[in-house]
$ cat run.csv   # CSV, C-alpha atoms and all ligand atoms
chain,number,residue,atom,x,y,z
P,785,LEU,CA,13.9,17.3,-8.2
P,786,GLY,CA,15.3,14.8,-5.8
P,787,LEU,CA,18.7,14.6,-7.5
P,788,THR,CA,19.1,18.3,-8.1
P,789,SER,CA,18.5,19.0,-4.4
P,790,LEU,CA,20.8,16.2,-3.3
P,791,SER,CA,23.7,17.5,-5.4
P,792,ALA,CA,23.1,20.9,-4.0
P,793,VAL,CA,23.7,19.5,-0.5
P,794,ALA,CA,26.6,17.5,-1.9
P,795,ALA,CA,28.3,20.6,-3.2
P,796,THR,CA,28.0,22.6,0.0
P,797,GLU,CA,27.8,20.3,3.0
P,798,MET,CA,29.1,16.8,2.0
P,799,PRO,CA,32.3,16.4,4.0
P,800,PRO,CA,35.0,16.4,1.3
P,801,ILE,CA,37.0,13.3,0.5
P,802,PRO,CA,40.1,13.6,2.8
P,803,GLU,CA,43.7,13.7,1.5
P,804,VAL,CA,45.4,10.3,1.5
P,805,THR,CA,47.9,9.9,4.4
P,806,GLY,CA,50.4,7.2,4.8
P,807,ASP,CA,53.4,6.0,2.7
P,808,VAL,CA,53.4,4.1,-0.6
P,809,VAL,CA,53.3,0.4,0.2
P,810,GLU,CA,55.8,-2.0,-1.5
P,811,GLY,CA,54.0,-4.8,-3.3
P,812,ASP,CA,55.3,-7.9,-5.1
P,813,GLY,CA,55.7,-6.2,-8.5
P,814,ASN,CA,52.4,-7.5,-9.8
P,815,ASP,CA,49.4,-5.4,-10.8
P,816,TYR,CA,45.9,-6.1,-9.4
P,817,ASN,CA,42.4,-5.2,-10.5
P,818,LEU,CA,39.8,-4.8,-7.8
P,819,LYS,CA,36.1,-4.4,-8.6
P,820,PHE,CA,34.1,-3.0,-5.7
P,821,ASN,CA,30.3,-3.2,-6.1
P,822,ILE,CA,27.5,-1.9,-3.8
P,823,GLY,CA,23.7,-1.8,-4.0
P,824,LEU,CA,23.1,1.9,-3.2
P,825,THR,CA,23.3,4.7,-5.8
P,826,GLN,CA,26.0,7.1,-6.7
P,827,SER,CA,24.5,9.8,-4.4
P,828,SER,CA,24.8,7.6,-1.3
P,829,ALA,CA,27.3,8.2,1.6
P,830,GLN,CA,28.4,4.6,0.9
P,831,TYR,CA,29.5,5.4,-2.6
P,832,ARG,CA,31.3,8.5,-1.4
P,833,GLY,CA,33.2,6.1,0.9
P,834,LEU,CA,34.1,3.9,-2.0
P,835,GLU,CA,35.6,6.8,-3.9
P,836,TYR,CA,37.8,7.5,-0.9
P,837,PHE,CA,38.8,3.8,-0.7
P,838,LYS,CA,39.8,3.9,-4.3
P,839,LYS,CA,41.9,7.0,-3.8
P,840,ILE,CA,43.7,5.5,-0.8
P,841,VAL,CA,44.4,2.2,-2.4
P,842,GLU,CA,45.5,3.5,-5.8
P,843,GLN,CA,47.8,6.1,-4.3
P,844,ARG,CA,49.4,4.0,-1.7
P,845,SER,CA,49.9,1.1,-4.0
P,846,ASP,CA,51.5,3.5,-6.5
P,847,GLY,CA,48.9,2.4,-9.0
P,848,HIS,CA,49.6,-1.3,-8.7
P,849,ILE,CA,46.1,-1.9,-7.4
P,850,GLN,CA,43.4,-0.4,-9.7
P,851,VAL,CA,40.0,0.0,-8.1
P,852,GLN,CA,36.9,0.0,-10.2
P,853,THR,CA,33.8,1.1,-8.3
P,854,PHE,CA,30.2,0.0,-9.1
P,855,HIS,CA,26.9,1.2,-7.6
P,856,SER,CA,23.2,0.6,-7.9
P,857,ALA,CA,23.7,-3.2,-7.9
P,858,GLN,CA,25.3,-2.9,-11.3
P,859,LEU,CA,27.2,-6.2,-10.6
P,860,GLY,CA,24.4,-7.6,-8.4
P,861,ASP,CA,22.5,-7.0,-5.1
P,862,ASP,CA,23.9,-7.7,-1.6
P,863,LEU,CA,23.5,-11.5,-1.7
P,864,GLN,CA,24.5,-11.9,-5.4
P,865,SER,CA,27.7,-9.8,-4.7
P,866,VAL,CA,28.6,-12.0,-1.7
P,867,SER,CA,28.2,-15.1,-3.9
P,868,ALA,CA,30.4,-13.5,-6.6
P,869,LEU,CA,33.1,-12.9,-3.9
P,870,GLN,CA,32.9,-16.5,-3.0
P,871,ALA,CA,33.2,-17.5,-6.6
P,872,GLY,CA,36.1,-15.1,-7.2
P,873,THR,CA,34.4,-13.1,-9.9
P,874,LEU,CA,34.1,-10.0,-7.8
P,875,GLU,CA,36.8,-8.7,-5.4
P,876,MET,CA,34.9,-6.5,-2.9
P,877,THR,CA,31.4,-5.6,-1.7
P,878,ALA,CA,29.9,-4.0,1.4
P,879,PRO,CA,26.4,-5.4,2.1
P,880,SER,CA,24.1,-4.8,5.1
P,881,THR,CA,24.6,-7.5,7.7
P,882,SER,CA,20.9,-8.4,7.6
P,883,PRO,CA,20.7,-10.4,4.4
P,884,MET,CA,23.8,-12.4,5.6
P,885,VAL,CA,22.3,-13.9,8.8
P,886,SER,CA,21.7,-17.2,7.0
P,887,MET,CA,25.5,-17.5,6.6
P,888,PHE,CA,26.4,-15.8,9.8
P,889,PRO,CA,23.7,-16.1,12.5
P,890,GLN,CA,25.5,-13.8,15.0
P,891,PHE,CA,24.8,-10.8,12.7
P,892,ALA,CA,21.2,-11.1,13.7
P,893,VAL,CA,22.0,-9.1,16.8
P,894,PHE,CA,22.0,-6.0,14.5
P,895,ASP,CA,18.5,-6.7,13.6
P,896,LEU,CA,17.1,-6.5,17.1
P,897,PRO,CA,14.9,-3.4,17.4
P,898,PHE,CA,16.2,-0.4,19.4
P,899,LEU,CA,19.3,-2.1,20.6
P,900,PHE,CA,21.7,0.7,19.6
P,901,PRO,CA,20.4,4.0,21.2
P,902,THR,CA,23.1,6.2,19.6
P,903,PRO,CA,25.6,5.9,16.7
P,904,GLU,CA,28.4,6.3,19.3
P,905,ILE,CA,27.4,3.1,21.0
P,906,ALA,CA,27.2,1.4,17.6
P,907,ASP,CA,30.8,2.6,17.0
P,908,LYS,CA,31.9,1.3,20.4
P,909,VAL,CA,30.5,-2.1,19.6
P,910,LEU,CA,31.7,-2.4,16.0
P,911,ASP,CA,35.1,-0.9,16.6
P,912,GLY,CA,35.6,-2.7,19.9
P,913,ASP,CA,36.1,-6.3,20.8
P,914,ILE,CA,32.7,-7.5,19.8
P,915,GLY,CA,32.9,-6.1,16.2
P,916,GLN,CA,36.5,-7.1,15.7
P,917,GLN,CA,35.7,-10.7,16.8
P,918,MET,CA,32.8,-10.7,14.4
P,919,LEU,CA,35.0,-9.7,11.5
P,920,LYS,CA,37.3,-12.6,12.4
P,921,ASP,CA,34.4,-15.0,12.6
P,922,ALA,CA,33.0,-13.8,9.3
P,923,SER,CA,36.3,-14.4,7.6
P,924,THR,CA,35.4,-17.9,6.3
P,925,LYS,CA,33.3,-19.4,3.5
P,926,GLY,CA,35.4,-17.7,0.8
P,927,LEU,CA,35.2,-14.3,2.4
P,928,VAL,CA,37.5,-12.0,4.4
P,929,ALA,CA,35.8,-9.4,6.5
P,930,ILE,CA,38.0,-6.3,6.9
P,931,GLY,CA,35.8,-3.4,8.2
P,932,TRP,CA,32.6,-1.8,9.3
P,933,ALA,CA,30.7,1.2,7.9
P,934,GLU,CA,27.1,2.3,8.4
P,935,ASN,CA,23.9,2.0,6.6
P,936,GLY,CA,22.3,3.7,9.6
P,937,TYR,CA,19.0,4.1,11.5
P,938,ARG,CA,16.0,2.9,9.6
P,939,GLN,CA,12.8,4.9,9.0
P,940,LEU,CA,9.5,3.7,7.8
P,941,THR,CA,8.0,5.1,4.6
P,942,ASN,CA,4.6,4.3,2.9
P,943,SER,CA,2.1,5.4,0.3
P,944,LYS,CA,-1.0,5.1,2.4
P,945,LEU,CA,-1.1,7.0,5.7
P,946,ALA,CA,0.8,8.9,8.4
P,947,VAL,CA,1.9,6.2,10.8
P,948,THR,CA,2.1,7.2,14.5
P,949,SER,CA,1.4,3.9,16.2
P,950,PRO,CA,1.5,0.2,15.5
P,951,SER,CA,-2.3,0.1,15.1
P,952,ASP,CA,-1.8,2.2,11.9
P,953,LEU,CA,0.2,-0.6,10.4
P,954,ASP,CA,-2.7,-3.1,10.3
P,955,GLY,CA,-2.4,-5.0,7.0
P,956,LEU,CA,0.1,-2.5,5.5
P,957,LYS,CA,2.3,-4.3,3.0
P,958,VAL,CA,5.9,-3.5,4.0
P,959,ARG,CA,9.0,-4.7,2.1
P,960,THR,CA,11.7,-6.0,4.5
P,961,MET,CA,15.2,-7.1,3.9
P,962,GLN,CA,15.7,-10.9,3.5
P,963,ASN,CA,16.0,-11.5,7.2
P,964,PRO,CA,13.8,-13.4,9.7
P,965,ILE,CA,13.9,-10.9,12.5
P,966,HIS,CA,12.8,-8.1,10.2
P,967,LEU,CA,9.9,-10.3,9.1
P,968,ASP,CA,9.1,-10.9,12.8
P,969,ILE,CA,9.3,-7.2,13.7
P,970,TRP,CA,6.7,-6.1,11.1
P,971,ARG,CA,4.5,-9.1,11.6
P,972,THR,CA,4.5,-8.4,15.4
P,973,LEU,CA,3.5,-4.8,14.7
P,974,GLY,CA,0.6,-6.0,12.7
P,975,ALA,CA,1.9,-5.2,9.2
P,976,ASN,CA,2.0,-7.6,6.3
P,977,PRO,CA,5.8,-7.9,5.5
P,978,THR,CA,7.3,-9.3,2.3
P,979,PRO,CA,11.1,-9.9,2.1
P,980,MET,CA,12.6,-8.7,-1.2
P,981,SER,CA,16.0,-7.7,-2.6
P,982,PHE,CA,16.7,-4.0,-2.5
P,983,ALA,CA,17.3,-4.0,-6.2
P,984,GLU,CA,13.6,-4.8,-6.9
P,985,LEU,CA,12.3,-2.3,-4.3
P,986,PHE,CA,11.7,0.9,-6.3
P,987,THR,CA,9.6,-0.9,-8.9
P,988,ALA,CA,7.7,-2.8,-6.2
P,989,LEU,CA,6.8,0.5,-4.5
P,990,GLU,CA,6.0,2.2,-7.8
P,991,GLN,CA,3.7,-0.6,-8.9
P,992,GLY,CA,2.0,-0.9,-5.5
P,993,VAL,CA,3.2,-4.5,-5.0
P,994,VAL,CA,4.2,-3.2,-1.5
P,995,ASP,CA,2.9,-0.1,0.3
P,996,GLY,CA,6.0,0.7,2.3
P,997,GLN,CA,9.6,0.0,3.1
P,998,GLU,CA,12.2,1.1,5.7
P,999,ASN,CA,15.6,2.5,5.2
P,1000,PRO,CA,17.7,5.5,6.4
P,1001,TRP,CA,16.8,9.0,5.2
P,1002,ILE,CA,19.8,9.2,2.9
P,1003,THR,CA,18.8,6.0,1.2
P,1004,ILE,CA,15.2,7.1,0.9
P,1005,GLU,CA,16.4,10.2,-1.0
P,1006,SER,CA,19.3,8.8,-2.9
P,1007,SER,CA,17.0,6.0,-4.2
P,1008,LYS,CA,14.2,8.5,-4.9
P,1009,PHE,CA,11.7,6.5,-2.8
P,1010,ASN,CA,10.1,9.8,-1.9
P,1011,GLU,CA,8.8,10.0,-5.5
P,1012,VAL,CA,6.6,7.0,-4.8
P,1013,GLN,CA,6.1,7.3,-1.0
P,1014,GLN,CA,4.1,10.2,0.4
P,1015,TYR,CA,4.5,9.4,4.1
P,1016,ALA,CA,7.4,8.7,6.4
P,1017,THR,CA,7.7,8.1,10.2
P,1018,GLU,CA,11.0,8.6,12.0
P,1019,THR,CA,11.1,5.3,13.9
P,1020,ASN,CA,14.9,4.7,14.2
P,1021,HIS,CA,13.8,1.1,14.9
P,1022,VAL,CA,17.0,-0.6,13.7
P,1023,TYR,CA,20.6,0.4,13.2
P,1024,THR,CA,22.1,-1.4,10.3
P,1025,PRO,CA,25.9,-1.7,9.7
P,1026,PHE,CA,27.6,-2.3,6.4
P,1027,ILE,CA,30.4,-4.9,6.5
P,1028,THR,CA,33.3,-4.6,4.1
P,1029,LEU,CA,34.1,-7.9,2.5
P,1030,VAL,CA,36.9,-9.2,0.2
P,1031,SER,CA,36.9,-12.3,-1.9
P,1032,GLU,CA,39.2,-14.8,-0.2
P,1033,ARG,CA,40.5,-16.0,-3.6
P,1034,PHE,CA,41.6,-12.5,-4.4
P,1035,TRP,CA,42.9,-11.9,-0.8
P,1036,ASN,CA,45.2,-15.0,-1.0
P,1037,ARG,CA,46.8,-13.8,-4.2
P,1038,LEU,CA,47.9,-10.5,-2.6
P,1039,PRO,CA,51.2,-10.0,-0.8
P,1040,GLU,CA,50.8,-9.3,2.9
P,1041,SER,CA,51.7,-5.7,2.5
P,1042,TYR,CA,48.7,-5.1,0.2
P,1043,GLN,CA,46.4,-7.1,2.5
P,1044,GLN,CA,47.4,-4.7,5.3
P,1045,LEU,CA,46.8,-1.7,2.9
P,1046,LEU,CA,43.3,-2.9,2.2
P,1047,ARG,CA,42.6,-3.2,5.9
P,1048,GLU,CA,43.8,0.3,6.6
P,1049,ALA,CA,41.9,1.7,3.6
P,1050,ALA,CA,38.7,-0.1,4.8
P,1051,LYS,CA,39.1,1.4,8.3
P,1052,GLN,CA,39.5,5.0,6.9
P,1053,MET,CA,36.6,4.5,4.4
P,1054,GLY,CA,34.4,3.3,7.3
P,1055,ASP,CA,35.3,6.3,9.5
P,1056,TYR,CA,34.7,8.8,6.7
P,1057,GLU,CA,31.5,7.1,5.5
P,1058,ARG,CA,30.0,7.3,8.9
P,1059,GLN,CA,30.9,11.0,9.1
P,1060,VAL,CA,29.2,11.6,5.8
P,1061,SER,CA,26.2,9.6,6.7
P,1062,ARG,CA,25.7,11.4,10.1
P,1063,THR,CA,26.3,14.9,8.6
P,1064,LEU,CA,23.7,14.3,5.9
P,1065,ASN,CA,21.1,12.4,7.9
P,1066,ASP,CA,19.2,15.5,9.3
P,1067,GLN,CA,19.8,17.7,6.3
P,1068,ILE,CA,18.2,15.1,4.1
P,1069,LYS,CA,15.3,14.7,6.4
P,1070,GLN,CA,14.7,18.4,6.1
P,1071,GLU,CA,15.0,18.3,2.3
P,1072,LEU,CA,12.5,15.4,2.0
P,1073,LYS,CA,10.1,17.6,4.0
P,1074,GLU,CA,10.7,20.5,1.7
P,1075,GLN,CA,10.1,18.3,-1.3
P,1076,GLY,CA,6.6,17.5,0.1
P,1077,MET,CA,7.1,14.3,2.0
P,1078,GLN,CA,4.9,14.1,5.1
P,1079,ILE,CA,7.3,13.2,7.9
P,1080,THR,CA,6.0,12.2,11.3
P,1081,GLU,CA,8.4,12.6,14.2
P,1082,LEU,CA,7.3,10.4,17.1
P,1083,THR,CA,7.1,11.5,20.8
P,1084,PRO,CA,9.0,9.4,23.4
P,1085,GLU,CA,5.6,8.0,24.4
P,1086,GLN,CA,4.8,7.0,20.8
P,1087,ILE,CA,8.3,5.3,20.5
P,1088,ALA,CA,7.6,3.5,23.7
P,1089,THR,CA,4.5,2.0,22.3
P,1090,PHE,CA,6.5,0.5,19.4
P,1091,GLN,CA,9.1,-0.7,21.9
P,1092,GLU,CA,6.6,-2.4,24.1
P,1093,ASP,CA,4.9,-4.1,21.2
P,1094,LEU,CA,8.3,-5.4,20.1
P,1095,ALA,CA,9.3,-6.9,23.4
P,1096,PRO,CA,8.2,-10.5,22.3
P,1097,VAL,CA,10.7,-10.2,19.4
P,1098,TYR,CA,13.5,-10.0,21.9
P,1099,ASP,CA,12.1,-12.9,23.9
P,1100,ASP,CA,11.8,-15.0,20.8
P,1101,TRP,CA,15.3,-14.3,19.5
P,1102,ARG,CA,17.3,-13.9,22.7
P,1103,ASP,CA,18.5,-17.5,23.0
P,1104,LYS,CA,18.9,-18.1,19.3
P,1105,ILE,CA,21.3,-15.1,19.0
P,1106,GLY,CA,22.9,-15.5,22.4
P,1107,GLY,CA,21.7,-13.6,25.4
P,1108,ASP,CA,25.3,-13.1,26.4
P,1109,LEU,CA,26.1,-11.0,23.3
P,1110,ILE,CA,23.0,-9.0,23.8
P,1111,ASP,CA,23.9,-8.3,27.4
P,1112,ARG,CA,27.4,-7.2,26.5
P,1113,ILE,CA,26.0,-4.7,23.9
P,1114,ARG,CA,23.5,-3.5,26.5
P,1115,ALA,CA,26.3,-3.0,29.0
P,1116,GLU,CA,28.1,-0.7,26.4
P,1117,SER,CA,25.0,1.4,26.3
P,1118,GLN,CA,24.8,1.7,30.1
P,1119,ALA,CA,28.5,2.6,30.3
P,1120,GLN,CA,27.9,5.7,28.3
U,1201,LIG,C1,18.1,-2.8,2.2
U,1201,LIG,C2,19.4,-2.3,2.7
U,1201,LIG,C3,20.1,-1.7,1.5
U,1201,LIG,C4,21.6,-2.0,1.4
U,1201,LIG,C5,22.2,-1.8,0.1
U,1201,LIG,C6,21.3,-1.8,-1.1
U,1201,LIG,O1,17.1,-2.2,2.5
U,1201,LIG,O2,19.2,-1.3,3.7
U,1201,LIG,O3,20.0,-0.3,1.5
U,1201,LIG,O4,21.9,-3.3,1.9
U,1201,LIG,O5,23.3,-2.6,-0.2
U,1201,LIG,O6,18.1,-3.8,1.5

$ encode --input "run.csv" --output "structure tokens" --more "lines below"
Ligand code: TF8
Amino acid sequence: LGLTSLSAVAATEMPPIPEVTGDVVEGDGNDYNLKFNIGLTQSSAQYRGLEYFKKIVEQRSDGHIQVQTFHSAQLGDDLQSVSALQAGTLEMTAPSTSPMVSMFPQFAVFDLPFLFPTPEIADKVLDGDIGQQMLKDASTKGLVAIGWAENGYRQLTNSKLAVTSPSDLDGLKVRTMQNPIHLDIWRTLGANPTPMSFAELFTALEQGVVDGQENPWITIESSKFNEVQQYATETNHVYTPFITLVSERFWNRLPESYQQLLREAAKQMGDYERQVSRTLNDQIKQELKEQGMQITELTPEQIATFQEDLAPVYDDWRDKIGGDLIDRIRAESQAQ
């Protein structure tokens, strides 16, 4: 049922893959093979973005770069893909920033709850000086970071009860990404969090190893979590970006003109993917309701209770992440 209804949306309302603009780019006469692997399924906005990326790169390189796309962690989950890039056995991936904080501590800023009040503010941060500096800083350790896209605002689902306040979370087993702030968030709210790779999540939910998880609506549907999760709460507690990464070994083999082509294609993919993600977000929430998921939308007062309870998470992480960076992001929000 989930799939049929998602493809119904896809047919009518999914923003179509744009036409490729820009001239053919001269390379060095060599042919290149680029494998691009992600953890989400074929029905995700992210995979749609990959299809656009492939179209741009293949057309503008006049077929000299062939892009092979992989989804559903076919070539590994987020962390495994990053290692494969470092080893040079995979050319591209686009993980959530969260599991990468052990390599790049500054990414932890994206894990702070309720820091990005709107997607437009997230865009300003990611596409502005802060985000562009982060791409430079993350271009090390065998990786070249060339762009941002979005995973999106995260929502809580579970198999036990309709959650309207932190007190409902008492002892609830919630899967989190492999990230210390996420662990801290759910522990602070009274839940019993377990970090786990996304690739293991469906089975863990199905077998009751965990009671709940949190991800954007589109991921909940495209991964069919609604088949094993009766309840959802629209918490919007964290905005997670995707970061587009290239293997440095591959990058260094490319002529500069192709490096520039990949940067441009990553930018266009990111813009398009955000558009798809935002167009589908509310539609998919409605569909999940129609399919029988019990979705709780919180009042501003109920959201405030979560925010107040999570204030200590800010206090604990502020200095470790850099209060300066947090203040600059807050200033962007105020400037709106
Ligand atoms: C998570 C993330 C994932 C993505 C994707 C699988 O919950 O939100 O959806 O990182 O690559 O692990």

$ residues_near_ligand --input "run.csv" --ligand "ligand LIG 1201 (chain U)" --cutoff "8 Å" --atoms "all atoms listed in the file" --output "list in words"
Ile822, Gly823, Leu824, Ser856, Ala857, Asp861, Asp862, Ala878, Pro879, Ser880, Thr881, Ser882, Pro883, Asn935, Arg938, Thr960, Met961, Gln962, Met980, Ser981, Phe982, Ala983, Gln997, Glu998, Asn999, Pro1000, Thr1003, Thr1024 and Phe1026 of chain P

$ closest_residue --input "run.csv" --among "P:Val1030, P:Ala988, P:Met884, P:Ile1105" --to "Leu818 in chain P" --atoms "all atoms listed in the file"
P:Val1030

$ atom_distance --input "run.csv" --atom1 "CA of Phe1090 in chain P" --atom2 "CA of Gly936 in chain P"
18.9 Å

$ residues_near_point --input "run.csv" --point "(7.6, 4.7, 19.5)" --cutoff "12 Å" --atoms "only C-alpha atoms" --output "PyMOL selection string"
chain P and resi 897-898+939-940+947-951+973+1017-1021+1080-1094

$ closest_residue --input "run.csv" --among "P:Ile1002, P:Ala1050, P:Ile1110, P:Leu874" --to "Tyr836 in chain P" --atoms "all atoms listed in the file"
P:Ala1050

$ atom_distance --input "run.csv" --atom1 "CA of Leu910 in chain P" --atom2 "CA of Leu967 in chain P"
24.2 Å

$ closest_residue --input "run.csv" --among "P:Ile801, P:Val851, P:Ile914, P:Leu985" --to "Ala829 in chain P" --atoms "all atoms listed in the file"
P:Ile801

$ residues_around --input "run.csv" --residues "Leu1029 in chain P" --least-positions-apart "5" --cutoff "10 Å" --atoms "only C-alpha atoms" --output "ChimeraX atom specification"
/P:820,865-866,869,875-879,919,922-923,927-932,1050

$ write_last_selection --input "run.csv" --atoms "C-alpha atoms" --output "compact mmCIF listing (two decimals), keeping the file's coordinate frame"
# COMPACT_ATOMS: atom_id res chain seq x y z
CA PHE P 820 34.10 -3.00 -5.70
CA SER P 865 27.70 -9.80 -4.70
CA VAL P 866 28.60 -12.00 -1.70
CA LEU P 869 33.10 -12.90 -3.90
CA GLU P 875 36.80 -8.70 -5.40
CA MET P 876 34.90 -6.50 -2.90
CA THR P 877 31.40 -5.60 -1.70
CA ALA P 878 29.90 -4.00 1.40
CA PRO P 879 26.40 -5.40 2.10
CA LEU P 919 35.00 -9.70 11.50
CA ALA P 922 33.00 -13.80 9.30
CA SER P 923 36.30 -14.40 7.60
CA LEU P 927 35.20 -14.30 2.40
CA VAL P 928 37.50 -12.00 4.40
CA ALA P 929 35.80 -9.40 6.50
CA ILE P 930 38.00 -6.30 6.90
CA GLY P 931 35.80 -3.40 8.20
CA TRP P 932 32.60 -1.80 9.30
CA ALA P 1050 38.70 -0.10 4.80

$ closest_residue --input "run.csv" --among "P:Lys908, P:Gly1076, P:Thr941, P:Ser1117" --to "Phe1009 in chain P" --atoms "only C-alpha atoms"
P:Thr941

$ residues_around --input "run.csv" --residues "Gln843 in chain P" --least-positions-apart "3" --cutoff "10 Å" --atoms "all atoms listed in the file" --output "list in words"
Val804, Thr805, Gly806, Asp807, Val808, Val809, Phe837, Lys838, Lys839, Ile840, Asp846, Gly847, His848, Ile849 and Gln850 of chain P

$ closest_residue --input "run.csv" --among "P:Val993, P:Asp1055, P:Asp952, P:Phe1034" --to "Gly974 in chain P" --atoms "only C-alpha atoms"
P:Asp952

$ residues_around --input "run.csv" --residues "Gln1118 in chain P" --least-positions-apart "4" --cutoff "12 Å" --atoms "only C-alpha atoms" --output "list in words"
Leu899, Phe900, Pro901, Thr902, Ile905, Asp1111, Arg1112, Ile1113 and Arg1114 of chain P

$ write_last_selection --input "run.csv" --atoms "C-alpha atoms" --output "short mmCIF file (atom, residue, chain, number, x, y, z; two decimals), keeping the file's coordinate frame"
data_model
loop_
_atom_site.label_atom_id
_atom_site.label_comp_id
_atom_site.auth_asym_id
_atom_site.auth_seq_id
_atom_site.Cartn_x
_atom_site.Cartn_y
_atom_site.Cartn_z
CA LEU P 899 19.30 -2.10 20.60
CA PHE P 900 21.70 0.70 19.60
CA PRO P 901 20.40 4.00 21.20
CA THR P 902 23.10 6.20 19.60
CA ILE P 905 27.40 3.10 21.00
CA ASP P 1111 23.90 -8.30 27.40
CA ARG P 1112 27.40 -7.20 26.50
CA ILE P 1113 26.00 -4.70 23.90
CA ARG P 1114 23.50 -3.50 26.50
#

$ closest_residue --input "run.csv" --among "P:Gly955, P:Gly833, P:Gly1106, P:Pro1025" --to "Gly1054 in chain P" --atoms "only C-alpha atoms"
P:Gly833
